[in-house]
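What follows is one structure encoded as structure tokens, with my remarks underneath.
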Amino acid sequence: MFSHIVLSLLIWVPMLGGVLALASGGDSNADRARVIGLITAVVTLLLCVPMIVGFDTNTAQMQFREHLAWIPAYNINYDLGVDGISVTLITLTAFTTLAVIFSSWNTINTRVAQFMANFLIMQGLMIGVFAAMDSVLFYVFWEAMLIPMYLSIGIWGSDNRSYASIKFFLYTFLGSALMLAALLYMHNKTDSFSIIKFYSLKLTETQQNLIFLAFLFAFAVKVPMWPVHTWLPDAHTEAPAGGSVVLAALMLKMGVYGFLRFSLPITPDACRALDWLMIVLSLIAVVYVGLVAIAQTDMKKLIAYSSIAHMGFATLGCFLIFAIVKHTGSMPDAYMSLEGGMVQMVSHAFSSGAMFIGVGILYDRMQTRNIHDFGGVANRMPLLATFFMLFAMSNVGLPGTSGFVGEFMIILSGFKADFWVMFFAASTLILSAAYTLWMYKRVFFGKVESDDVARLTDIHGNEIIVFSLLAFATLFIGVYPEALLKLLHASIGNILVLAHYTKLLAV
Amino acid sequence: MKETLYYTSLAIILAPLVGATLAGFWGKTLGRTWTHRVTIFCVGVAFVLSLFMCKLFLLDKFPTTSINIYAWAISGSFHFNVGFLLDPLTAFMIATVTFVSLLVHIYTIGYMADDEGYQRFFSYISLFTFMMLMLVMANNFMQLFFGWEGVGLVSYLLIGFWFKRESANFGSLKAFIVNRVGDFGFILGIAAILDYFGTVDYQQVFTQAGSMSHHTLSIWPGAHWSVITVICILLFIGAMGKSAQMPLHVWLPESMEGPTPISALIHAATMVTAGVYMVSRMSPLYEYSQVALSFVLIIGASGALFTGIIGVVQNDIKRVVAYSTLSQLGYMIAALGVSAFSAGMFHLMTHACFKALLFLAAGSVIIAMHHDQDMRNMGGLRKYMPITYVCFLIGGLALSAIPPFAGYYSKDAIIEAIHASNVPGSTYAYYCVLFGAFITALYTFRAFFLTFHGKERMDENTRGSLKESPWVVWLPLVALAIPSTIIGFIVVGPILYAKPSLLGSSIFVLPSQNILQKMAADYHGPWATFLHAFKTLPFWFALSGVVVAWLFYLVYTDIPAKLTQRCQWLYSLIVNKYGFDDFNQLVLTNGTTRIARWFFYIADVKFIDDFFVNGTGRVINWVSKMARMSQTGYLYHYAFAMIIGLLIFLGWILL
């Protein structure tokens, strides 16, 4: 029906909703802003339905293409299109935003209209990132997205928010400056900003390496990969719960999306040459950051470090493919590693998002995130404890939850690359259990020790709805991951082909 | 027929899940009575259908059937299905699991009667039954891992069931993490299987096992190891975690913090035997690796003896039974090491009956003692609780392998098999399990005499209220006491020596290693085996254990204290469990935390964040401050700078 503009709708409907929310007035009309936010988020999620239903899973071609000239002088176009990867991430964005709006319903009471507008506009921009097929358009969305996130930390954050928001902004902004340089360089070569055109651009080894490194800095900061990860714990701690959710569930995914959309297809030979670097950095994220998470005393920091460790799996999945194909000589063997990376991203969005909401609920009632201030919460909030246990188990990678699927696929692929890669990757089984369940034990189990805990009341209404949605998603992907994988097969296959196709110029 | 099997197996699996869901989500609405009715009904359905499976596969010898339910994931060249493998081993195991589970469900009505988490408890044990059935019925390694970790989860939840107790929370966390260490090995094993066999489906893997036996892989440069050996040892590390074999046994004693029904169900009869089941299921792999079999044998036999010895010095009645579980698991594992898989499974089944019986009887004692578990406060309970007394005695006799009780037939077969075997390490293993027979009887009857005989050492209050437990508690005891007495006598022939044997096609043994077949020549029926006992060493070892326990704890009650004093170092070695716990706590736990702190405070905060990230900011600040200083705004500063500059410039040109 409107499949030719569905992507535009997905981008602009939330933004329009955001503007409407802004116009709804001050905090005296807070409920009006909330309702606008909710309706917009629901409509956006519903808009994903025609996208998924109409999506042809048998082809890796970009679908739902839209093409308008934007700045013809430089051949910059308003060019949209999606493959299975984008469809997945766009749906995830719509889903997460709805969860954020639900979860902020009672907790945000100041500047409600601005808050709703902020998150709706951010949603539109993020969908734009995943749908853009023109690299300038991509870059605009990519950078614009930082502003609402910066504002959400700076305005609704906690005590040390200005330090964290500036650190976040500078870090990610510096990263993308190098990416812009790479894009301009390729524009010079192709006379176009079309991402698809970049795929067929021949590049020498040096050119590829430089472009790869430029991209790497932009994307590694976003993921974040060790050692450019230290902005994330600060940003997470200071951000409001909704901000943390978007940050963990969506913004981190941009980095891996960048690797899939840009690095692997555009600079395949550099990726192959430098895959050891990516694998080592990913394993450091899994092992070292996993250990660092054990030492945390702040719940949000702990989940933030756990996020870095889990994203290490996603990047590992992306860059294991070369070693796998080299070892087994067969391309289909590498599917599992890339698809595992994708599943890991989706699953991490659910589990970490849900845990941030949970911590947000506790923070809202106790005004502290310090693990030592809790203990025995399960006595007062059995429902929250039950939900949190499920998401903790997903974080731990328990089979039956979504957290298992990605890790399982990547660890199993890892053996094909190298025994030791898999050995270190699998250590997450022990580390994630240690930090997640130790935190759970100290927060939820035990006797009620403090009066603040004794006064807690269990979750209700919207909070239950949010958790139920996330719990359903977690279990569904855990029990039937093929539903998600079906969307991905063709597109992942395409990326594998592109990544294994050398584009070195014959010298 | 396949259709019938399809729906029957689905019903077996899903019935407990339905029960768990109803009890978990709608427990409040259902109320206590309906919660236990619903869950017991669901598990009962699973049990009855399991009996049907037993008839079909064990008696009618229906051929092995593999059913795929749905495709869980298809990725590139790999397929992961959810499905069931139905064969004698599966039927045998699901019948054991659902039987014990059903009785434990009934027993729980009495044991948890006053607990506020009544519905939650029923939900958990039904969920456990579901997970265990998934583990057992799986037809592929992915699903096996699902069940494997699933039972671990429920075990974690149930050990920490009374989450207000610090010790329970410590125990549950420890159990989960130690099991995860095992699962670490397990998942590497599965990955290796997928890498070399290209599939995780049991049957496809097994058919390739023979041809894979000559392949090698190198983990260190230069070292070439047999693929099968590496896979088997990695998988066995998983079994060491789940079946609590040394050195991953440390979690099981702590698991006794959970309510007693789950100690019986999970930590005695079913979950902890998953490792034994897994190795038996993988017999087509293990048979091709002599190294792995020796490894299994030595780990198992060591556990059988050394953990048993710890049981002798325990004063908590549940811990005695827990250590005896560790020891008996060692026997089962050791049996697997000499390719006597059927004997291991046989002991698994008899053990499930008599150990569940002992735990539930101990629980009955604990109810009477108002949740005091210290045997030093018991004694003389015989006259207050006659049914429990008799049941505990039967369980104890079976555990001590006194003929004709069930444990005798299974354990004697294991000891004989190890004696007859030539696997490297079997001599050591034989002495371990032989001496273990003495130790088993010693700790069992020590507990028995301390609890039911001798002086009544409880306080007056407790004594006044001592009485036999209600029927929901003793009925399961009786129901378990019957098989604990007779099942060995009945099953020993068919399962061990018949041709084809009860587990038939499920177990694969190379003809050259078929120890049970060699022993079959000397088998002349259960009666002959019964009489044969009096001519064999293990029986006299066991009997002397009983006698020593009687002498030490009823007749000359001052001997144990004197012995303790005389051999202080030995006693403290045993009481400290050979230092495993201390090592784990001091070296592994504290070491990891220390490294974690160092990584965080030094490497992450100080070095990366402060030195590099904020350091960059500081340098920029400093440079701009310097630059700012030159912009003072005073004319004479600028004039002075100009003159200096001019002088230097001129000097440069002139010189």
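Here's how to read the names in the structure tokens: chain A, B, ... by the order shown, residue numbers from 1 in each chain, ligand numbers from 1 in the order shown.
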>> Using only C-alpha atoms and a distance of at most 8 Å, pull out the residues of chain B that contact chain A, as a VMD selection string.
In response: chain B and resid 71 to 78 145 to 146 149 to 150 163 to 166 169 173 176 to 177 180 to 181 183 to 184 187 to 188 190 to 192 194 to 195 219 592 to 593 595 to 597 599 to 600 604 608 to 609
>> With only C-alpha atoms as the counted atoms, please give the residues lying no more than 10 Å from B:Ala268, apart from itself and same-chain residues fewer than 2 positions off, as a count of residues only.
In response: 28
> So which residues touch stretch 570-585 of chain B within 10 Å, counting only C-alpha atoms, skipping near sequence neighbours fewer than 4 positions away, as a PyMOL selection string?
Replying inline: chain B and resi 246-251+306-307+309-314+563-566+589-592
> So which one's closest to A:Leu232, A:Ser282, A:Gln208, A:Ser306, A:Ser3? Using only C-alpha atoms, please.
Replying inline: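 Looking only at the distances to A:Leu232, the closest residue turns out to be A:Ser306.
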>> Which of stretch 311-536 of chain B end up as helix (DSSP H, G or I) when DSSP is run on this backbone - answer as a ChimeraX atom specification?
In response: /B:311-312,317-337,341-368,375-377,381-383,386-399,406-420,426-452,460-465,471-497,504-506,511-513,515-520,525-535
>> Applying 12 Å and only C-alpha atoms, which residues near B:Thr4 remain after dropping the ones on its own chain fewer than 2 positions away? List them as a PyMOL selection string.
In response: chain B and resi 1-2+6-11+49+52-53+56+65+67
With N, CA, C and O atoms retained, write the just-selected residues as a PDB file, in the first residue's frame.
ATOM      1  N   MET B   1       2.709 -45.606  14.068  1.00  0.00           N
ATOM      2  CA  MET B   1       3.421 -45.765  15.341  1.00  0.00           C
ATOM      3  C   MET B   1       4.272 -44.539  15.634  1.00  0.00           C
ATOM      4  O   MET B   1       4.369 -44.058  16.749  1.00  0.00           O
ATOM      5  N   LYS B   2       4.901 -44.020  14.578  1.00  0.00           N
ATOM      6  CA  LYS B   2       5.760 -42.868  14.762  1.00  0.00           C
ATOM      7  C   LYS B   2       4.945 -41.685  15.277  1.00  0.00           C
ATOM      8  O   LYS B   2       5.421 -40.904  16.094  1.00  0.00           O
ATOM      9  N   TYR B   6       5.519 -39.590  18.580  1.00  0.00           N
ATOM     10  CA  TYR B   6       5.664 -38.142  18.492  1.00  0.00           C
ATOM     11  C   TYR B   6       4.836 -37.467  19.585  1.00  0.00           C
ATOM     12  O   TYR B   6       5.338 -36.668  20.378  1.00  0.00           O
ATOM     13  N   TYR B   7       3.556 -37.834  19.634  1.00  0.00           N
ATOM     14  CA  TYR B   7       2.690 -37.158  20.606  1.00  0.00           C
ATOM     15  C   TYR B   7       2.983 -37.605  22.034  1.00  0.00           C
ATOM     16  O   TYR B   7       2.904 -36.820  22.967  1.00  0.00           O
ATOM     17  N   THR B   8       3.335 -38.884  22.198  1.00  0.00           N
ATOM     18  CA  THR B   8       3.643 -39.348  23.548  1.00  0.00           C
ATOM     19  C   THR B   8       4.851 -38.615  24.104  1.00  0.00           C
ATOM     20  O   THR B   8       4.844 -38.127  25.243  1.00  0.00           O
ATOM     21  N   SER B   9       5.900 -38.506  23.286  1.00  0.00           N
ATOM     22  CA  SER B   9       7.104 -37.867  23.822  1.00  0.00           C
ATOM     23  C   SER B   9       6.854 -36.382  24.076  1.00  0.00           C
ATOM     24  O   SER B   9       7.337 -35.828  25.066  1.00  0.00           O
ATOM     25  N   LEU B  10       6.089 -35.760  23.190  1.00  0.00           N
ATOM     26  CA  LEU B  10       5.744 -34.349  23.445  1.00  0.00           C
ATOM     27  C   LEU B  10       4.976 -34.213  24.757  1.00  0.00           C
ATOM     28  O   LEU B  10       5.228 -33.306  25.557  1.00  0.00           O
ATOM     29  N   ALA B  11       4.050 -35.145  24.985  1.00  0.00           N
ATOM     30  CA  ALA B  11       3.248 -35.072  26.208  1.00  0.00           C
ATOM     31  C   ALA B  11       4.130 -35.267  27.432  1.00  0.00           C
ATOM     32  O   ALA B  11       3.991 -34.564  28.440  1.00  0.00           O
ATOM     33  N   LEU B  49       3.260 -42.250  31.052  1.00  0.00           N
ATOM     34  CA  LEU B  49       3.672 -42.344  29.648  1.00  0.00           C
ATOM     35  C   LEU B  49       5.102 -42.874  29.534  1.00  0.00           C
ATOM     36  O   LEU B  49       5.435 -43.570  28.578  1.00  0.00           O
ATOM     37  N   PHE B  52       4.990 -46.480  29.565  1.00  0.00           N
ATOM     38  CA  PHE B  52       4.622 -46.967  28.230  1.00  0.00           C
ATOM     39  C   PHE B  52       5.865 -47.045  27.342  1.00  0.00           C
ATOM     40  O   PHE B  52       6.088 -48.019  26.622  1.00  0.00           O
ATOM     41  N   MET B  53       6.691 -45.999  27.418  1.00  0.00           N
ATOM     42  CA  MET B  53       7.934 -45.987  26.635  1.00  0.00           C
ATOM     43  C   MET B  53       8.830 -47.153  27.055  1.00  0.00           C
ATOM     44  O   MET B  53       9.482 -47.789  26.230  1.00  0.00           O
ATOM     45  N   LEU B  56       7.655 -50.300  25.589  1.00  0.00           N
ATOM     46  CA  LEU B  56       7.896 -50.324  24.155  1.00  0.00           C
ATOM     47  C   LEU B  56       9.369 -50.606  23.836  1.00  0.00           C
ATOM     48  O   LEU B  56       9.690 -51.470  23.023  1.00  0.00           O
ATOM     49  N   THR B  65      14.261 -44.659  17.623  1.00  0.00           N
ATOM     50  CA  THR B  65      13.549 -43.696  16.790  1.00  0.00           C
ATOM     51  C   THR B  65      14.024 -42.288  17.122  1.00  0.00           C
ATOM     52  O   THR B  65      14.113 -41.925  18.301  1.00  0.00           O
ATOM     53  N   ILE B  67      13.112 -38.326  16.446  1.00  0.00           N
ATOM     54  CA  ILE B  67      12.035 -37.462  15.957  1.00  0.00           C
ATOM     55  C   ILE B  67      12.485 -36.009  16.059  1.00  0.00           C
ATOM     56  O   ILE B  67      12.918 -35.580  17.123  1.00  0.00           O
TER      57      ILE B  67
END
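Among the candidates B:Ser410, B:Ser630, B:Gln208, B:Thr440, the residue lying nearest to B:Tyr323 is B:Thr440 (atoms considered: only C-alpha atoms).
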>> Quick check, in Å to one decimal: how far apart do atom CA of B:Val390 and atom CA of B:Phe452 lie?
In response: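 Distance reported for this atom pair: 10.0 Å.
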> Near A:Ser24, within 6 Å and counting only C-alpha atoms, which residues show up once chain neighbours fewer than 2 positions away are dropped, as a ChimeraX atom specification?
Replying inline: /A:21-22,33
Those residues you just picked out, can you put them in a file as a PDB file, in the first residue's frame with all heavy atoms?
ATOM      1  N   ALA A  21       5.068  16.633  20.420  1.00  0.00           N
ATOM      2  CA  ALA A  21       5.244  16.535  21.863  1.00  0.00           C
ATOM      3  C   ALA A  21       5.825  17.824  22.415  1.00  0.00           C
ATOM      4  O   ALA A  21       5.398  18.337  23.459  1.00  0.00           O
ATOM      5  CB  ALA A  21       6.153  15.354  22.206  1.00  0.00           C
ATOM      6  N   LEU A  22       6.802  18.375  21.694  1.00  0.00           N
ATOM      7  CA  LEU A  22       7.413  19.629  22.120  1.00  0.00           C
ATOM      8  C   LEU A  22       6.371  20.724  22.216  1.00  0.00           C
ATOM      9  O   LEU A  22       6.381  21.553  23.119  1.00  0.00           O
ATOM     10  CB  LEU A  22       8.471  20.059  21.107  1.00  0.00           C
ATOM     11  CG  LEU A  22       9.905  19.643  21.373  1.00  0.00           C
ATOM     12  CD1 LEU A  22      10.806  20.263  20.321  1.00  0.00           C
ATOM     13  CD2 LEU A  22      10.340  20.074  22.758  1.00  0.00           C
ATOM     14  N   ALA A  33       1.901  15.046  26.663  1.00  0.00           N
ATOM     15  CA  ALA A  33       3.163  14.684  26.018  1.00  0.00           C
ATOM     16  C   ALA A  33       3.392  13.176  26.081  1.00  0.00           C
ATOM     17  O   ALA A  33       3.835  12.541  25.124  1.00  0.00           O
ATOM     18  CB  ALA A  33       4.322  15.408  26.691  1.00  0.00           C
TER      19      ALA A  33
END
> Near stretch 416-424 of chain B, within 8 Å and counting only C-alpha atoms, which residues show up once chain neighbours fewer than 4 positions away are dropped, as a ChimeraX atom specification?
Replying inline: /B:290,293-294,334-335,338,340,412,429-430,515-516,519
> Can you list, as a ChimeraX atom specification, every protein, DNA or RNA residue that comes within 10 Å of B:Thr33 when you count only C-alpha atoms, leaving out same-chain residues fewer than 4 positions away?
Replying inline: /B:27,37-38,109,118-119
Written file, previous selection with N, CA and C atoms, as a short mmCIF file (atom, residue, chain, number, x, y, z; two decimals), in the first residue's frame:
data_model
loop_
_atom_site.label_atom_id
_atom_site.label_comp_id
_atom_site.auth_asym_id
_atom_site.auth_seq_id
_atom_site.Cartn_x
_atom_site.Cartn_y
_atom_site.Cartn_z
N GLY B 27 -0.12 -19.70 40.75
CA GLY B 27 -0.08 -20.40 42.03
C GLY B 27 -0.97 -19.75 43.07
N ARG B 37 -2.00 -30.49 43.48
CA ARG B 37 -2.76 -31.44 42.67
C ARG B 37 -2.38 -31.34 41.19
N VAL B 38 -2.35 -30.10 40.70
CA VAL B 38 -2.06 -29.91 39.28
C VAL B 38 -0.67 -30.43 38.94
N ILE B 109 4.48 -32.13 49.74
CA ILE B 109 3.25 -31.66 50.40
C ILE B 109 3.46 -31.63 51.91
N TYR B 118 5.39 -22.19 49.03
CA TYR B 118 4.87 -23.50 48.65
C TYR B 118 4.67 -23.63 47.13
N GLN B 119 3.93 -22.70 46.55
CA GLN B 119 3.63 -22.78 45.11
C GLN B 119 4.89 -22.62 44.28
#
> Pick the closest to B:Trp162 from B:Ser213, B:Gln513, B:Ser255, B:Thr96: which is it, counting only C-alpha atoms?
Replying inline: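 Of all the options, B:Ser255 lies closest to B:Trp162.
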Going by DSSP on the backbone, which residues of stretch 58-297 of chain A come out as strand (DSSP E)? List them as a short mmCIF file (atom, residue, chain, number, x, y, z; two decimals) with N, CA and C atoms, in the first residue's frame.
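The resulting out.cif:
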data_model
loop_
_atom_site.label_atom_id
_atom_site.label_comp_id
_atom_site.auth_asym_id
_atom_site.auth_seq_id
_atom_site.Cartn_x
_atom_site.Cartn_y
_atom_site.Cartn_z
N GLN A 63 15.92 -3.33 -0.25
CA GLN A 63 14.49 -3.28 -0.57
C GLN A 63 13.87 -1.99 -0.03
N PHE A 64 12.63 -1.75 -0.46
CA PHE A 64 11.90 -0.52 -0.10
C PHE A 64 12.73 0.71 -0.47
N ARG A 65 13.37 0.66 -1.64
CA ARG A 65 14.27 1.74 -2.02
C ARG A 65 13.49 3.04 -2.19
N GLU A 66 14.06 4.15 -1.75
CA GLU A 66 13.53 5.48 -2.03
C GLU A 66 14.69 6.30 -2.53
N HIS A 67 14.43 7.09 -3.53
CA HIS A 67 15.54 7.85 -4.11
C HIS A 67 15.07 9.25 -4.47
N LEU A 68 15.64 10.28 -3.88
CA LEU A 68 15.36 11.67 -4.22
C LEU A 68 16.68 12.40 -4.29
N ALA A 69 16.81 13.27 -5.23
CA ALA A 69 18.04 14.08 -5.27
C ALA A 69 18.00 15.06 -4.12
N TRP A 70 19.14 15.24 -3.47
CA TRP A 70 19.16 16.14 -2.31
C TRP A 70 20.07 17.33 -2.61
N ILE A 71 21.36 17.08 -2.85
CA ILE A 71 22.27 18.14 -3.24
C ILE A 71 22.93 17.68 -4.53
N ILE A 76 24.67 14.12 -3.94
CA ILE A 76 24.20 13.61 -2.64
C ILE A 76 22.71 13.39 -2.75
N ASN A 77 22.28 12.21 -2.32
CA ASN A 77 20.88 11.85 -2.51
C ASN A 77 20.21 11.44 -1.21
N TYR A 78 18.91 11.63 -1.21
CA TYR A 78 18.10 11.06 -0.13
C TYR A 78 17.78 9.65 -0.57
N ASP A 79 18.65 8.72 -0.18
CA ASP A 79 18.61 7.37 -0.73
C ASP A 79 18.40 6.40 0.42
N LEU A 80 17.26 5.72 0.43
CA LEU A 80 16.96 4.79 1.52
C LEU A 80 16.80 3.37 0.98
N GLY A 81 17.05 2.40 1.84
CA GLY A 81 16.86 1.01 1.47
C GLY A 81 17.25 0.14 2.64
N VAL A 82 16.70 -1.06 2.69
CA VAL A 82 17.04 -1.94 3.82
C VAL A 82 17.32 -3.36 3.34
#
> To one decimal place, how far is atom CA of A:Ile211 from atom CA of A:Ile147 in Å?
Replying inline: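 Atom-to-atom, atom CA of A:Ile211 and atom CA of A:Ile147 are spaced 25.8 Å apart.
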> Between A:Asn494, A:Tyr305, A:His372, A:His460, which has the minimum distance to A:Tyr435 (counting only C-alpha atoms)?
Replying inline: A:Tyr305
